[in-house]
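The data block below is data-v6.tsv; it holds TSV, C-alpha atoms.
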```tsv
chain	number	residue	atom	x	y	z
A	76	MET	CA	36.22	0.25	-37.79
A	77	PRO	CA	36.33	0.46	-33.96
A	78	GLU	CA	33.63	-2.21	-33.58
A	79	ARG	CA	35.57	-4.61	-35.79
A	80	VAL	CA	38.80	-4.03	-33.83
A	81	ASP	CA	37.00	-4.73	-30.55
A	82	ILE	CA	35.52	-7.97	-31.87
A	83	VAL	CA	38.90	-9.15	-33.15
A	84	ALA	CA	40.49	-8.39	-29.77
A	85	GLU	CA	37.72	-10.22	-27.91
A	86	SER	CA	37.94	-13.27	-30.16
A	87	GLN	CA	41.73	-13.34	-29.77
A	88	ASN	CA	41.33	-13.41	-25.99
A	89	LEU	CA	38.99	-16.37	-26.29
A	90	ASP	CA	41.26	-18.06	-28.82
A	91	TYR	CA	44.15	-17.89	-26.35
A	92	PHE	CA	42.19	-20.09	-23.94
A	93	TYR	CA	41.01	-22.37	-26.73
A	94	SER	CA	44.64	-22.90	-27.79
A	95	LYS	CA	45.33	-24.32	-24.31
A	96	GLN	CA	42.63	-26.99	-24.52
A	97	GLU	CA	43.86	-30.41	-23.45
A	98	SER	CA	43.01	-33.79	-24.97
A	99	SER	CA	40.40	-34.29	-22.22
A	100	GLY	CA	38.65	-31.09	-23.34
A	101	ALA	CA	39.85	-29.22	-20.25
A	102	ILE	CA	40.45	-25.47	-20.36
A	103	ARG	CA	41.74	-23.99	-17.12
A	104	TRP	CA	40.64	-20.59	-15.86
A	105	LYS	CA	44.12	-19.11	-15.47
A	106	TYR	CA	47.50	-19.47	-17.24
A	107	ASP	CA	50.99	-18.12	-16.67
A	108	LEU	CA	51.75	-15.73	-19.53
A	109	LYS	CA	55.46	-16.57	-19.55
A	110	SER	CA	55.36	-20.36	-19.31
A	111	GLY	CA	51.88	-20.87	-20.74
A	112	LEU	CA	51.21	-23.41	-18.00
A	113	PRO	CA	47.87	-23.55	-16.12
A	114	ILE	CA	47.73	-22.05	-12.64
A	115	CYS	CA	45.71	-24.32	-10.38
A	116	GLY	CA	46.41	-25.01	-6.69
A	117	ALA	CA	45.21	-27.06	-3.76
A	118	GLU	CA	41.99	-25.08	-3.39
A	119	ASN	CA	41.07	-25.58	-7.05
A	120	PRO	CA	43.14	-28.51	-8.35
A	121	GLU	CA	41.33	-28.69	-11.69
A	122	GLY	CA	41.64	-24.95	-12.29
A	123	ILE	CA	37.98	-24.71	-13.24
A	124	GLY	CA	36.14	-21.41	-13.63
A	125	LEU	CA	32.58	-20.50	-14.57
A	126	PRO	CA	31.90	-22.04	-18.02
A	127	LEU	CA	30.60	-19.11	-20.09
A	128	PHE	CA	32.46	-19.48	-23.41
A	129	ALA	CA	29.28	-20.24	-25.39
A	130	TRP	CA	27.55	-17.12	-24.05
A	131	ALA	CA	30.56	-15.04	-25.11
A	132	GLU	CA	30.61	-16.60	-28.58
A	133	PHE	CA	26.87	-16.06	-29.10
A	134	ASN	CA	27.26	-12.38	-28.21
A	135	LEU	CA	30.23	-12.07	-30.58
A	136	TYR	CA	28.16	-13.66	-33.34
A	137	HIS	CA	25.51	-10.95	-32.99
A	138	LYS	CA	28.20	-8.26	-33.03
A	139	GLY	CA	30.21	-9.71	-35.93
A	140	ALA	CA	27.81	-11.98	-37.87
A	141	SER	CA	30.50	-14.60	-38.55
A	142	LYS	CA	28.96	-18.05	-39.05
A	143	ARG	CA	32.38	-19.30	-40.00
A	144	ARG	CA	33.70	-18.56	-36.53
A	145	VAL	CA	30.90	-20.32	-34.65
A	146	LYS	CA	31.42	-23.40	-36.82
A	147	GLU	CA	35.16	-23.35	-36.15
A	148	VAL	CA	34.85	-23.00	-32.36
A	149	MET	CA	31.96	-25.41	-31.86
A	150	PRO	CA	34.18	-28.53	-31.52
A	151	THR	CA	36.20	-26.71	-28.84
A	152	LEU	CA	33.08	-25.67	-26.96
A	153	THR	CA	31.52	-29.13	-27.03
A	154	ALA	CA	34.78	-30.83	-25.94
A	155	TYR	CA	34.98	-28.37	-23.05
A	156	MET	CA	31.42	-29.16	-22.00
A	157	ASN	CA	32.15	-32.90	-22.26
A	158	TRP	CA	35.07	-32.44	-19.83
A	159	ILE	CA	32.86	-30.57	-17.37
A	160	GLU	CA	30.27	-33.34	-17.60
A	161	ALA	CA	32.86	-36.03	-16.92
A	162	ALA	CA	34.80	-34.22	-14.19
A	163	PHE	CA	32.16	-32.39	-12.16
A	164	ARG	CA	28.68	-33.84	-12.69
A	165	GLN	CA	27.40	-35.88	-9.75
A	166	PRO	CA	24.75	-38.64	-9.49
A	167	ASN	CA	22.15	-36.08	-8.37
A	168	GLY	CA	22.51	-34.30	-11.72
A	169	LEU	CA	24.20	-31.22	-10.25
A	170	TYR	CA	27.84	-30.14	-10.55
A	171	ALA	CA	30.24	-30.11	-7.60
A	172	THR	CA	33.15	-27.65	-7.48
A	173	PRO	CA	35.19	-25.98	-4.73
A	174	LEU	CA	34.45	-22.43	-3.59
A	175	ALA	CA	37.70	-21.29	-5.26
A	176	ALA	CA	36.13	-22.04	-8.65
A	177	THR	CA	33.71	-19.14	-8.06
A	178	LYS	CA	36.57	-16.66	-7.25
A	179	MET	CA	34.57	-15.39	-4.23
A	180	PHE	CA	37.51	-15.87	-1.87
A	181	ASN	CA	36.09	-14.76	1.50
A	182	SER	CA	32.38	-15.25	0.90
A	183	PRO	CA	30.61	-17.15	3.73
A	184	ARG	CA	30.03	-20.10	1.41
A	185	GLY	CA	32.84	-22.19	2.84
A	186	SER	CA	30.96	-25.49	3.08
A	187	VAL	CA	29.51	-25.24	-0.44
A	188	ARG	CA	29.63	-28.38	-2.56
A	189	TYR	CA	27.08	-27.51	-5.24
A	190	PRO	CA	27.40	-23.76	-6.05
A	191	VAL	CA	24.40	-21.94	-7.51
A	192	ASP	CA	26.61	-19.85	-9.81
A	193	PHE	CA	28.57	-22.75	-11.29
A	194	ASN	CA	25.49	-24.88	-11.89
A	195	THR	CA	23.65	-21.95	-13.43
A	196	ALA	CA	26.67	-21.14	-15.60
A	197	VAL	CA	26.58	-24.70	-16.96
A	198	ALA	CA	22.88	-24.17	-17.75
A	199	ILE	CA	23.73	-20.86	-19.49
A	200	ASP	CA	26.48	-22.54	-21.50
A	201	ALA	CA	24.08	-25.32	-22.53
A	202	LEU	CA	21.40	-22.78	-23.47
A	203	PHE	CA	23.76	-20.87	-25.76
A	204	LEU	CA	25.32	-24.01	-27.20
A	205	ALA	CA	21.77	-24.92	-28.25
A	206	ALA	CA	21.35	-21.42	-29.72
A	207	ILE	CA	24.62	-21.75	-31.66
A	208	GLY	CA	23.41	-25.14	-32.89
A	209	ASP	CA	20.32	-23.36	-34.20
A	210	VAL	CA	22.52	-20.78	-35.97
A	211	MET	CA	24.39	-23.67	-37.61
A	212	ASN	CA	21.08	-25.40	-38.44
A	213	ASP	CA	22.32	-28.42	-36.48
A	214	LYS	CA	19.20	-29.95	-34.91
A	215	ASP	CA	21.14	-32.64	-33.05
A	216	VAL	CA	23.32	-30.09	-31.24
A	217	ASN	CA	20.30	-27.92	-30.52
A	218	PHE	CA	18.33	-30.84	-29.05
A	219	ARG	CA	21.25	-32.23	-27.04
A	220	TYR	CA	22.00	-29.02	-25.20
A	221	LYS	CA	18.38	-27.99	-24.73
A	222	ARG	CA	17.85	-31.33	-22.99
A	223	LEU	CA	20.84	-30.63	-20.71
A	224	TYR	CA	19.56	-27.13	-20.03
A	225	PHE	CA	16.05	-28.24	-19.05
A	226	SER	CA	17.46	-31.04	-16.90
A	227	LEU	CA	19.57	-28.55	-14.94
A	228	LYS	CA	16.73	-26.03	-14.78
A	229	THR	CA	14.53	-28.63	-13.09
A	230	ARG	CA	17.20	-29.61	-10.57
A	231	ILE	CA	18.16	-26.04	-9.67
A	232	ASN	CA	14.52	-25.14	-9.14
A	233	SER	CA	13.70	-28.22	-7.09
A	234	GLN	CA	16.84	-28.37	-4.93
A	235	MET	CA	18.26	-24.85	-4.63
A	236	TRP	CA	15.14	-22.69	-4.32
A	237	SER	CA	13.85	-21.93	-0.82
A	238	ASN	CA	10.19	-20.97	-0.38
A	239	GLU	CA	11.05	-19.56	3.06
A	240	THR	CA	13.59	-17.03	1.78
A	241	SER	CA	12.34	-16.71	-1.83
A	242	PHE	CA	15.92	-17.21	-2.94
A	243	TYR	CA	18.34	-19.68	-4.56
A	244	HIS	CA	20.92	-21.15	-2.15
A	245	ASP	CA	24.14	-23.15	-2.48
A	246	LEU	CA	24.04	-26.76	-1.31
A	247	ASP	CA	26.46	-28.58	0.97
A	248	ALA	CA	27.77	-32.13	0.41
A	249	ASP	CA	24.54	-33.60	1.84
A	250	GLY	CA	22.34	-31.51	-0.41
A	251	ASN	CA	21.26	-29.13	2.37
A	252	ARG	CA	20.80	-25.45	1.52
A	253	LEU	CA	23.36	-23.11	3.03
A	254	PRO	CA	21.79	-20.25	5.02
A	255	HIS	CA	23.48	-17.21	3.49
A	256	LYS	CA	21.93	-15.25	0.64
A	257	THR	CA	24.68	-14.15	-1.74
A	258	ILE	CA	24.67	-12.33	-5.07
A	259	VAL	CA	24.98	-15.69	-6.87
A	260	GLY	CA	21.33	-16.35	-6.07
A	261	PHE	CA	20.47	-14.02	-8.96
A	262	TRP	CA	22.39	-16.00	-11.59
A	263	PRO	CA	19.27	-18.11	-12.34
A	264	LEU	CA	17.57	-15.00	-13.75
A	265	LEU	CA	20.16	-14.88	-16.52
A	266	ALA	CA	19.44	-18.51	-17.39
A	267	GLU	CA	15.65	-17.97	-17.27
A	268	ILE	CA	15.40	-20.66	-14.60
A	269	PRO	CA	12.72	-19.23	-12.24
A	270	TYR	CA	9.17	-19.16	-13.56
A	271	GLU	CA	7.34	-15.83	-13.39
A	272	GLU	CA	6.09	-16.00	-9.80
A	273	ARG	CA	9.49	-16.97	-8.45
A	274	ALA	CA	11.19	-14.35	-10.60
A	275	GLU	CA	8.93	-11.70	-9.03
A	276	GLN	CA	9.85	-12.88	-5.54
A	277	LEU	CA	13.56	-12.99	-6.37
A	278	ILE	CA	13.58	-9.55	-8.00
A	279	SER	CA	11.78	-8.07	-4.99
A	280	HIS	CA	15.00	-8.59	-2.97
A	281	LEU	CA	16.69	-5.92	-5.09
A	282	ASP	CA	14.43	-3.26	-3.56
A	283	ASN	CA	14.50	-4.63	-0.03
A	284	PRO	CA	17.00	-2.70	2.15
A	285	ALA	CA	17.14	-5.66	4.52
A	286	THR	CA	18.65	-7.88	1.81
A	287	PHE	CA	20.02	-6.48	-1.47
A	288	GLY	CA	18.44	-3.02	-1.68
A	289	THR	CA	21.50	-1.11	-0.52
A	290	GLU	CA	22.19	2.47	-1.59
A	291	HIS	CA	24.72	1.31	-4.19
A	292	PRO	CA	23.21	-1.77	-5.82
A	293	PHE	CA	23.97	-4.69	-5.41
A	294	PRO	CA	25.97	-6.11	-2.47
A	295	THR	CA	27.58	-9.53	-2.85
A	296	LEU	CA	26.11	-10.58	0.50
A	297	SER	CA	22.64	-9.93	1.85
A	298	ALA	CA	22.49	-7.06	4.35
A	299	ASP	CA	20.70	-9.26	6.91
A	300	SER	CA	23.68	-11.63	7.12
A	301	THR	CA	25.78	-11.54	10.27
A	302	GLU	CA	28.85	-11.47	7.99
A	303	PHE	CA	27.69	-8.40	6.06
A	304	SER	CA	30.08	-5.42	6.12
A	305	GLU	CA	29.10	-1.81	5.37
A	306	SER	CA	32.64	-1.23	4.11
A	307	GLY	CA	32.38	-4.17	1.71
A	308	ASN	CA	35.18	-6.41	3.01
A	309	GLY	CA	35.65	-8.42	-0.17
A	310	PHE	CA	32.69	-10.66	-0.88
A	311	CYS	CA	31.03	-9.85	2.45
A	312	GLY	CA	29.11	-6.97	0.92
A	313	SER	CA	31.19	-5.22	-1.76
A	314	VAL	CA	29.54	-4.18	-5.02
A	315	TYR	CA	31.29	-5.75	-8.04
A	316	PRO	CA	30.49	-4.37	-11.53
A	317	VAL	CA	30.65	-7.86	-13.06
A	318	PHE	CA	27.89	-9.10	-10.75
A	319	ASN	CA	25.79	-6.00	-11.38
A	320	PHE	CA	26.12	-6.69	-15.10
A	321	MET	CA	24.82	-10.23	-14.47
A	322	VAL	CA	21.82	-9.01	-12.46
A	323	ILE	CA	20.92	-6.30	-14.99
A	324	LYS	CA	21.09	-8.77	-17.88
A	325	GLY	CA	18.99	-11.18	-15.84
A	326	LEU	CA	16.32	-8.50	-15.44
A	327	GLU	CA	16.33	-8.12	-19.23
A	328	ARG	CA	15.44	-11.81	-19.59
A	329	TYR	CA	12.18	-11.09	-17.77
A	330	GLN	CA	11.47	-7.92	-19.76
A	331	ARG	CA	12.13	-5.67	-16.75
A	332	TRP	CA	13.66	-3.02	-19.01
A	333	ASP	CA	12.69	-0.05	-16.85
A	334	THR	CA	13.92	-1.74	-13.66
A	335	ALA	CA	17.21	-2.70	-15.30
A	336	ARG	CA	17.69	0.89	-16.48
A	337	GLU	CA	16.96	2.33	-13.05
A	338	TYR	CA	19.55	0.12	-11.37
A	339	ALA	CA	22.05	0.71	-14.16
A	340	LEU	CA	21.80	4.48	-13.67
A	341	ARG	CA	22.21	4.18	-9.90
A	342	HIS	CA	25.23	1.94	-10.30
A	343	LEU	CA	26.84	4.26	-12.86
A	344	TYR	CA	26.23	7.26	-10.61
A	345	PHE	CA	28.29	5.67	-7.83
A	346	ILE	CA	31.05	4.64	-10.26
A	347	LEU	CA	31.22	8.23	-11.53
A	348	ASP	CA	31.14	9.70	-8.02
A	349	SER	CA	33.93	7.34	-6.95
A	350	PHE	CA	35.94	8.23	-10.05
A	351	SER	CA	35.62	11.97	-9.44
A	352	PRO	CA	34.46	12.47	-5.83
A	353	ALA	CA	32.92	15.82	-4.97
A	354	ASP	CA	34.99	16.30	-1.80
A	355	ALA	CA	38.22	15.87	-3.79
A	356	GLN	CA	37.06	18.54	-6.24
A	357	GLU	CA	36.18	20.95	-3.44
A	358	GLN	CA	39.55	20.47	-1.74
A	359	GLU	CA	41.42	20.54	-5.08
A	360	GLN	CA	43.16	17.30	-4.24
A	361	GLU	CA	45.38	15.68	-6.82
A	362	GLU	CA	43.94	12.24	-6.04
A	363	LYS	CA	40.43	12.43	-7.44
A	364	GLY	CA	39.40	8.80	-7.42
A	365	ASP	CA	39.69	5.93	-9.82
A	366	LEU	CA	37.93	2.97	-11.41
A	367	TRP	CA	37.82	0.25	-8.79
A	368	GLU	CA	37.48	-3.50	-8.72
A	369	ALA	CA	34.80	-3.23	-5.99
A	370	TYR	CA	32.74	-0.54	-4.28
A	371	LYS	CA	31.07	0.10	-0.94
A	372	PRO	CA	27.43	-0.96	-0.74
A	373	GLY	CA	26.36	2.03	1.35
A	374	GLY	CA	27.61	4.93	-0.77
A	375	ALA	CA	30.36	6.19	-3.04
A	376	GLY	CA	33.96	5.07	-2.87
A	377	PRO	CA	35.95	1.86	-3.12
A	378	SER	CA	35.31	-1.13	-0.92
A	379	GLU	CA	37.63	-1.71	2.03
A	380	MET	CA	39.16	-4.87	3.47
A	381	PRO	CA	41.35	-4.54	6.59
A	382	ALA	CA	43.09	-7.84	5.91
A	383	ASP	CA	44.40	-6.60	2.53
A	384	PRO	CA	45.49	-2.94	2.19
A	385	LEU	CA	45.96	-3.43	-1.58
A	386	TYR	CA	42.28	-4.30	-2.03
A	387	PRO	CA	40.47	-3.36	-4.17
A	388	ARG	CA	42.55	-3.04	-7.31
A	389	LYS	CA	42.65	0.31	-9.08
A	390	GLN	CA	41.86	0.91	-12.74
A	391	ALA	CA	39.87	-2.30	-13.07
A	392	ALA	CA	38.80	-1.25	-16.56
A	393	LEU	CA	38.05	-4.79	-17.75
A	394	SER	CA	35.27	-5.26	-15.21
A	395	VAL	CA	34.07	-1.66	-14.84
A	396	GLY	CA	33.94	-1.45	-18.65
A	397	LEU	CA	30.93	-3.78	-18.58
A	398	SER	CA	29.08	-1.07	-16.68
A	399	ALA	CA	30.58	2.05	-18.20
A	400	VAL	CA	30.27	0.91	-21.83
A	401	THR	CA	27.99	-2.10	-22.34
A	402	VAL	CA	25.37	-1.24	-19.73
A	403	MET	CA	25.43	2.41	-20.81
A	404	ILE	CA	24.71	1.54	-24.45
A	405	GLU	CA	22.35	-1.38	-23.93
A	406	ASN	CA	20.46	-0.42	-20.77
A	407	VAL	CA	20.71	3.33	-20.24
A	408	VAL	CA	20.43	4.37	-23.90
A	409	GLY	CA	18.65	1.08	-24.64
A	410	LEU	CA	20.14	-0.05	-27.96
A	411	VAL	CA	20.20	-3.77	-28.82
A	412	VAL	CA	22.21	-4.65	-31.95
A	413	SER	CA	22.16	-7.80	-34.07
A	414	LEU	CA	24.37	-7.79	-37.15
A	415	PRO	CA	23.13	-11.13	-38.55
A	416	ARG	CA	19.61	-9.73	-38.61
A	417	LYS	CA	20.81	-6.22	-39.63
A	418	THR	CA	18.70	-4.81	-36.83
A	419	VAL	CA	18.97	-2.18	-34.14
A	420	GLU	CA	16.23	-2.20	-31.51
A	421	TRP	CA	15.77	0.85	-29.31
A	422	MET	CA	14.11	0.01	-26.01
A	423	ILE	CA	12.84	3.29	-24.56
A	424	PRO	CA	11.42	3.08	-21.01
A	425	ASN	CA	11.18	6.89	-20.80
A	426	MET	CA	11.38	9.55	-23.50
A	427	GLU	CA	14.49	11.65	-22.94
A	428	SER	CA	17.00	13.54	-25.06
A	429	MET	CA	19.60	10.87	-25.67
A	430	GLY	CA	21.19	8.66	-28.30
A	431	ILE	CA	24.52	7.58	-29.73
A	432	GLU	CA	26.75	8.80	-32.54
A	433	ASN	CA	28.93	6.72	-34.86
A	434	LEU	CA	27.96	3.32	-33.51
A	435	ALA	CA	29.90	0.83	-35.64
A	436	LEU	CA	27.88	-2.03	-37.11
A	437	LYS	CA	30.81	-3.78	-38.77
A	438	ARG	CA	31.26	-1.57	-41.89
A	439	ASN	CA	28.24	0.61	-41.21
A	440	LEU	CA	28.35	3.64	-38.90
A	441	ILE	CA	25.00	4.80	-37.56
A	442	THR	CA	23.82	7.70	-35.43
A	443	ILE	CA	20.52	7.67	-33.52
A	444	LEU	CA	19.41	10.73	-31.52
A	445	SER	CA	16.13	11.76	-29.91
A	446	ASN	CA	15.14	15.33	-29.06
A	447	LYS	CA	11.92	17.12	-28.25
A	448	SER	CA	10.92	19.82	-30.71
A	449	VAL	CA	7.81	22.00	-31.01
A	450	ARG	CA	6.22	19.20	-33.05
A	451	GLY	CA	6.93	16.50	-30.48
A	452	TRP	CA	9.59	13.86	-29.95
A	453	GLU	CA	11.79	13.58	-33.02
A	454	ILE	CA	14.19	10.72	-33.72
A	455	LYS	CA	17.02	11.49	-36.13
A	456	VAL	CA	18.85	8.62	-37.79
A	457	GLU	CA	21.94	8.63	-39.99
A	458	SER	CA	23.39	5.51	-41.62
A	459	GLU	CA	25.85	4.50	-44.32
A	460	LYS	CA	23.87	1.37	-45.28
A	461	LEU	CA	20.38	-0.07	-44.99
A	462	PHE	CA	19.37	-1.52	-41.63
A	463	TYR	CA	16.12	-2.28	-39.81
A	464	PHE	CA	15.29	-0.05	-36.88
A	465	THR	CA	12.78	-0.97	-34.19
A	466	VAL	CA	11.49	1.72	-31.85
A	467	ASP	CA	9.99	0.13	-28.75
A	468	VAL	CA	8.50	2.61	-26.28
A	469	ILE	CA	7.84	0.17	-23.45
A	470	GLY	CA	4.14	-0.35	-22.83
A	471	LYS	CA	3.04	2.17	-25.47
A	472	LYS	CA	4.07	1.41	-29.05
A	473	LYS	CA	6.48	-0.66	-31.13
A	474	LYS	CA	7.36	-0.10	-34.77
A	475	THR	CA	9.97	-1.56	-37.14
A	476	LEU	CA	11.12	0.49	-40.13
A	477	PRO	CA	13.74	0.00	-42.88
A	478	ILE	CA	16.29	2.81	-42.62
A	479	PRO	CA	18.00	3.61	-45.94
A	480	ALA	CA	21.50	5.00	-46.33
A	481	GLY	CA	21.70	8.69	-45.56
A	482	LYS	CA	19.83	10.88	-43.08
A	483	CYS	CA	16.21	10.74	-42.03
A	484	SER	CA	13.97	11.75	-39.15
A	485	MET	CA	10.69	10.56	-37.70
A	486	PHE	CA	8.20	11.82	-35.15
A	487	LEU	CA	7.28	9.34	-32.48
A	488	GLU	CA	3.62	10.40	-32.38
A	489	LYS	CA	3.25	9.53	-36.08
A	490	LEU	CA	4.76	6.05	-35.93
```
Encoded form (structure tokens):
Amino acid sequence: MPERVDIVAESQNLDYFYSKQESSGAIRWKYDLKSGLPICGAENPEGIGLPLFAWAEFNLYHKGASKRRVKEVMPTLTAYMNWIEAAFRQPNGLYATPLAATKMFNSPRGSVRYPVDFNTAVAIDALFLAAIGDVMNDKDVNFRYKRLYFSLKTRINSQMWSNETSFYHDLDADGNRLPHKTIVGFWPLLAEIPYEERAEQLISHLDNPATFGTEHPFPTLSADSTEFSESGNGFCGSVYPVFNFMVIKGLERYQRWDTAREYALRHLYFILDSFSPADAQEQEQEEKGDLWEAYKPGGAGPSEMPADPLYPRKQAALSVGLSAVTVMIENVVGLVVSLPRKTVEWMIPNMESMGIENLALKRNLITILSNKSVRGWEIKVESEKLFYFTVDVIGKKKKTLPIPAGKCSMFLEKL
């Protein structure tokens, strides 16, 4: 039952925002819990945030398999997109929002008019609205939002990509690219916007110590920027788990499973080391670390910002949970679950002793473990109901098998 409880909680969080939708289709990014009124302000008068509701709903659909829910929320999602179209789309086909809409408060993007992240988020929302239309067998919805997606993809590629830097840049009011390279330049990977050659060039920055290849991946500002800070200083270099999640999922889109796993492990190592630092253990200190909103790019420990002694926030479980739970299951262990298809796919970049016990697939608990025995690599599976299990050893072999209720085992060499 834990999976079902989590899905209900997640859908209730989304439903809270949906309940606030205005007649124009607007949903603001922040509300006062006591009054229920939107919290906007001079820097973001429309209270807009990154539009990712459709992506969230598509993921919930594959975790809960509820067609009824996607049908119920589709009018809300389309009305929201209609409001974004009317309020923020400009004659050049891109979307203009203030920097405050990106939540990157001190990032050197001050003169931005057309943010890479917001425009890519609209493309992501359109892409998953089209996918939800396909789930509903609604060809009109599917076609409408695919057309919007491809229109934005073309504009982002033609206007925001720089051949000189091999990177996606924000644009100012005149359509000129801003010079700084920030973490938002990787959002297009998640939307499958760059074609293969550009994707290769973009991904190469992740290994480059002069840009985003810092010890703790990935800084929010390129290391070759004059504004970059080794201590993090907010969005001038700090590592944020939510952005790392975005980059890792973007790598998945281009089948870079082994690369995504490598970076996921490095990121989790620094989260763990910051949560339980070795020096605190040696000195038997009571304060042994915490889960932080942001981390230093050059090693373990929380980010620092002299202007705000309360930064970063402690126990930021909502954001760190993306790394500690989702990335651990999907990228380190490598399990991809789809309830509508009754499938579990195990992406295995390297054979290791690993797995998961009592993974809840709605009303079906499964256990998948791999161990090396004298006869070779053995995969043990236990399930309460039938499901389809795909073993994908990257670059070597791929096999899909029906797994009946009960216990069974298989040897990888014999698949």
Please provide the set of residues having any atom within 12 Å of Val395 (chain A), restricted to only C-alpha atoms, with same-chain residues fewer than 6 positions apart removed, written as a short mmCIF file (atom, residue, chain, number, x, y, z; two decimals) with C-alpha atoms, in the frame of the given file.
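Saved result, result_13.cif, follows:
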```cif
data_model
loop_
_atom_site.label_atom_id
_atom_site.label_comp_id
_atom_site.auth_asym_id
_atom_site.auth_seq_id
_atom_site.Cartn_x
_atom_site.Cartn_y
_atom_site.Cartn_z
CA VAL A 314 29.54 -4.18 -5.02
CA TYR A 315 31.29 -5.75 -8.04
CA PRO A 316 30.49 -4.37 -11.53
CA VAL A 317 30.65 -7.86 -13.06
CA PHE A 318 27.89 -9.10 -10.75
CA ASN A 319 25.79 -6.00 -11.38
CA PHE A 320 26.12 -6.69 -15.10
CA HIS A 342 25.23 1.94 -10.30
CA LEU A 343 26.84 4.26 -12.86
CA PHE A 345 28.29 5.67 -7.83
CA ILE A 346 31.05 4.64 -10.26
CA LEU A 347 31.22 8.23 -11.53
CA SER A 349 33.93 7.34 -6.95
CA PHE A 350 35.94 8.23 -10.05
CA ASP A 365 39.69 5.93 -9.82
CA LEU A 366 37.93 2.97 -11.41
CA TRP A 367 37.82 0.25 -8.79
CA GLU A 368 37.48 -3.50 -8.72
CA ALA A 369 34.80 -3.23 -5.99
CA TYR A 370 32.74 -0.54 -4.28
CA ARG A 388 42.55 -3.04 -7.31
CA LYS A 389 42.65 0.31 -9.08
CA THR A 401 27.99 -2.10 -22.34
CA VAL A 402 25.37 -1.24 -19.73
CA MET A 403 25.43 2.41 -20.81
#
```
- request: Determine, counting all atoms listed in the file, which protein, DNA and RNA residues have an atom within 12 Å of an atom of Glu290 (chain A); residues of the same chain fewer than 5 positions away are not included. Present the result as a ChimeraX atom specification.
  value: /A:281-285,298,305,312-314,338,341-342,344-345,370-375
field: Near-Pro120 (chain A) list (10 Å; all atoms listed in the file; drop same-chain fewer than 2 positions) as a PyMOL selection string
entry: chain A and resi 103+114-118+122-123+173+175-176
task: Write out as an MDAnalysis selection string the residues lying within 10 Å of region 307-311 of chain A, counting only C-alpha atoms and excluding same-chain residues fewer than 2 positions away.
output: chainID A and resid 178:183 257:258 294:298 300:305 313:315 369:373 377:383 386:387
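Rounded to one decimal, CA of Tyr170 (chain A) and CA of Pro190 (chain A) lie 7.8 Å from each other.
Each of A:Ile469, A:Leu253, A:Pro352, A:Leu440 was compared to Thr334 (chain A) using all atoms listed in the file, and A:Ile469 turns out to be the nearest.
Taking CA of Ser484 (chain A) as the reference point, CA of Ile454 (chain A) is found at 5.5 Å.
One finds CA of Tyr189 (chain A) at 9.5 Å from CA of Gln165 (chain A).
Distances from A:Met422, A:Ala201, A:Met485, A:Ala274 to Trp236 (chain A) were compared using all atoms listed in the file, and the smallest one belongs to A:Ala274.
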message: Report as a ChimeraX atom specification all protein, DNA and RNA residues lying within 8 Å of Ala480 (chain A), evaluated on only C-alpha atoms, omitting residues in the same chain fewer than 5 positions from it.
response: /A:457-461
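Among the candidate residues A:Ser448, A:Thr153, A:Thr286, A:Thr195, the one lying nearest to Gly208 (chain A) is A:Thr153, with distances computed using all atoms listed in the file.
Taking only C-alpha atoms into account, Pro126 (chain A) lies nearest to A:Asn194 out of the set A:Gln87, A:Ser94, A:Asn194, A:Asn251.
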Your completed region 210-216 of chain A with N, CA, C and O atoms, as a PDB file, in the frame of the given file:
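File produced: out25.pdb:
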```
ATOM      1  N   VAL A 210      21.870 -21.637 -34.962  1.00  0.00           N
ATOM      2  CA  VAL A 210      22.520 -20.780 -35.970  1.00  0.00           C
ATOM      3  C   VAL A 210      23.132 -21.641 -37.073  1.00  0.00           C
ATOM      4  O   VAL A 210      23.062 -21.307 -38.259  1.00  0.00           O
ATOM      5  N   MET A 211      23.740 -22.769 -36.671  1.00  0.00           N
ATOM      6  CA  MET A 211      24.390 -23.670 -37.610  1.00  0.00           C
ATOM      7  C   MET A 211      23.402 -24.615 -38.298  1.00  0.00           C
ATOM      8  O   MET A 211      23.791 -25.439 -39.122  1.00  0.00           O
ATOM      9  N   ASN A 212      22.118 -24.498 -37.925  1.00  0.00           N
ATOM     10  CA  ASN A 212      21.080 -25.400 -38.440  1.00  0.00           C
ATOM     11  C   ASN A 212      21.399 -26.859 -38.118  1.00  0.00           C
ATOM     12  O   ASN A 212      21.138 -27.757 -38.917  1.00  0.00           O
ATOM     13  N   ASP A 213      21.978 -27.084 -36.947  1.00  0.00           N
ATOM     14  CA  ASP A 213      22.320 -28.420 -36.480  1.00  0.00           C
ATOM     15  C   ASP A 213      21.293 -28.824 -35.422  1.00  0.00           C
ATOM     16  O   ASP A 213      21.408 -28.468 -34.251  1.00  0.00           O
ATOM     17  N   LYS A 214      20.285 -29.593 -35.824  1.00  0.00           N
ATOM     18  CA  LYS A 214      19.200 -29.950 -34.910  1.00  0.00           C
ATOM     19  C   LYS A 214      19.665 -30.881 -33.800  1.00  0.00           C
ATOM     20  O   LYS A 214      19.136 -30.830 -32.687  1.00  0.00           O
ATOM     21  N   ASP A 215      20.645 -31.725 -34.079  1.00  0.00           N
ATOM     22  CA  ASP A 215      21.140 -32.640 -33.050  1.00  0.00           C
ATOM     23  C   ASP A 215      21.809 -31.879 -31.910  1.00  0.00           C
ATOM     24  O   ASP A 215      21.588 -32.167 -30.727  1.00  0.00           O
ATOM     25  N   VAL A 216      22.659 -30.905 -32.260  1.00  0.00           N
ATOM     26  CA  VAL A 216      23.320 -30.090 -31.240  1.00  0.00           C
ATOM     27  C   VAL A 216      22.287 -29.295 -30.455  1.00  0.00           C
ATOM     28  O   VAL A 216      22.331 -29.224 -29.214  1.00  0.00           O
TER      29      VAL A 216
END
```
